[in-house]
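As structure tokens, the structure follows; a few thoughts come after it.
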Amino acid sequence: MNTLSYKTVSANKATANKEWVVVDAEGQPLGRLASKVAKILRGKHKTNFTPHADCGDNVIVLNAGKVTLSGNKWADKTYIWHTGYPGGQKSMTALELQKKDSLKVLEKSVKGMLPKNRLGSQLFSNLYLYEGTEHKHEAQQPKVININEFK
């Protein structure tokens, strides 16, 4: 066997095999769901994973506002940001953020699990969150996956 014939395959934009997947988020714990969605967006579940390229799938999350948090996290978990002005630190609990925009809780969680660079921004644009069970991506023929069975 000639071991010199093995070549390491490095995926790029042209050779990436991108698919569309649908995930139902109803009743799923926020962190577990977000980590699995981030893994699919990044492409880490594929054999041709390349850290510097967008080789992940496009993910459609249905019922994104119906994720759950355990314990007292709805009241205790805080999202903190700064406006840039002196004394401009602001905060919001998870319950307040969900009442303002129910998709933002999952959106912030997934975004925090992606790389903090241009690649992360590009990967985040492959995420589509919907409040109900309807979406507008039927033309892409997305594949429905059970997130509980996904490793």
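Labels used: A, B, ... for chains in the order of the structure tokens, numbers from 1 for residues in each chain, and numbers from 1 for ligands as shown.
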Tell me, as a PDB file with N, CA, C and O atoms, in the first residue's frame, which residues lie within 9 Å of Leu119 (chain A), counting only C-alpha atoms; anything in the same chain fewer than 6 positions away does not count.
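So part.pdb came out as:
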```pdb
ATOM      1  N   HIS A  52     -11.385  26.897   8.306  1.00  0.00           N
ATOM      2  CA  HIS A  52     -11.353  28.255   7.771  1.00  0.00           C
ATOM      3  C   HIS A  52     -12.352  28.487   6.643  1.00  0.00           C
ATOM      4  O   HIS A  52     -12.331  29.526   6.002  1.00  0.00           O
ATOM      5  N   ALA A  53     -13.254  27.522   6.393  1.00  0.00           N
ATOM      6  CA  ALA A  53     -14.198  27.654   5.284  1.00  0.00           C
ATOM      7  C   ALA A  53     -15.623  27.395   5.758  1.00  0.00           C
ATOM      8  O   ALA A  53     -15.849  26.680   6.731  1.00  0.00           O
ATOM      9  N   ASP A  54     -16.570  27.971   5.041  1.00  0.00           N
ATOM     10  CA  ASP A  54     -17.985  27.751   5.319  1.00  0.00           C
ATOM     11  C   ASP A  54     -18.418  26.472   4.614  1.00  0.00           C
ATOM     12  O   ASP A  54     -18.782  26.483   3.450  1.00  0.00           O
TER      13      ASP A  54
END
```
- For the atom pair CA of Tyr128 (chain A) and CA of Gln98 (chain A), what is the interatomic distance in Å to one decimal place? 17.3 Å
- Message: Which residues are near Val9 (chain A)? Cut-off 10 Å, only C-alpha atoms, ignore same chain within fewer than 4 positions. Put them as an NGL selection string.
- Response: :A and (15 or 47-50)
- Query: What does the distance between CA of Ser91 (chain A) and CA of Asp76 (chain A) come to in Å, to one decimal place?
  - Reply: 11.5 Å
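Residue nearest Asn63 (chain A) within the list A:Asn17, A:Gln122, A:Ser10, A:Ser102: A:Ser102 [criterion: smallest interatomic distance, only C-alpha atoms].
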Write out as CSV a residue-level contact list of region 70-146 of chain A versus region 37-45 of chain A with cut-off 8 Å: for each qualifying residue the closest pair of atoms and the distance in Å to one decimal, counting only C-alpha atoms, rows sorted by chain and residue number upward.
```
residue,atom,partner,partner_atom,distance
A:Val110,CA,A:Ala38,CA,5.8
A:Lys111,CA,A:Ala38,CA,7.9
A:Met113,CA,A:Ala38,CA,6.3
A:Leu114,CA,A:Ala38,CA,6.4
A:Leu123,CA,A:Leu41,CA,6.2
A:Phe124,CA,A:Leu41,CA,7.6
A:Asn126,CA,A:Leu41,CA,7.0
A:Leu127,CA,A:Leu41,CA,7.4
```
- alpha helix (DSSP H) residues, from DSSP on the backbone, in chain A, as a PyMOL selection string: chain A and resi 30-42+73-76+94-100+104-112+118-124
- Note on the structure: Among A:Lys66, A:Arg118, A:Lys108, A:His137, Asp24 (chain A) is approached most closely, using only C-alpha atoms, by A:Lys66
- What lies within 9 Å of Lys73 (chain A) using only C-alpha atoms, ignoring chain neighbours under 6 positions off, as JSON, numbers by chain? {"A": [93, 94, 95]}
Take the residues from that selection and write them out as a CSV table (one decimal), in the first residue's frame, keeping all heavy atoms.
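Result saved to selection_21.csv:
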```csv
chain,number,residue,atom,x,y,z
A,93,THR,N,-33.1,40.6,31.5
A,93,THR,CA,-33.2,39.2,31.8
A,93,THR,C,-33.7,38.4,30.6
A,93,THR,O,-34.2,39.0,29.7
A,93,THR,CB,-34.2,39.0,33.0
A,93,THR,OG1,-35.5,39.3,32.6
A,93,THR,CG2,-33.8,39.8,34.2
A,94,ALA,N,-33.6,37.1,30.7
A,94,ALA,CA,-34.0,36.2,29.6
A,94,ALA,C,-35.5,36.4,29.4
A,94,ALA,O,-35.9,36.4,28.2
A,94,ALA,CB,-33.6,34.8,29.9
A,95,LEU,N,-36.3,36.5,30.4
A,95,LEU,CA,-37.7,36.6,30.3
A,95,LEU,C,-38.1,38.0,29.6
A,95,LEU,O,-38.9,38.0,28.7
A,95,LEU,CB,-38.4,36.6,31.6
A,95,LEU,CG,-39.9,36.5,31.6
A,95,LEU,CD1,-40.4,35.2,30.9
A,95,LEU,CD2,-40.5,36.5,33.0
```
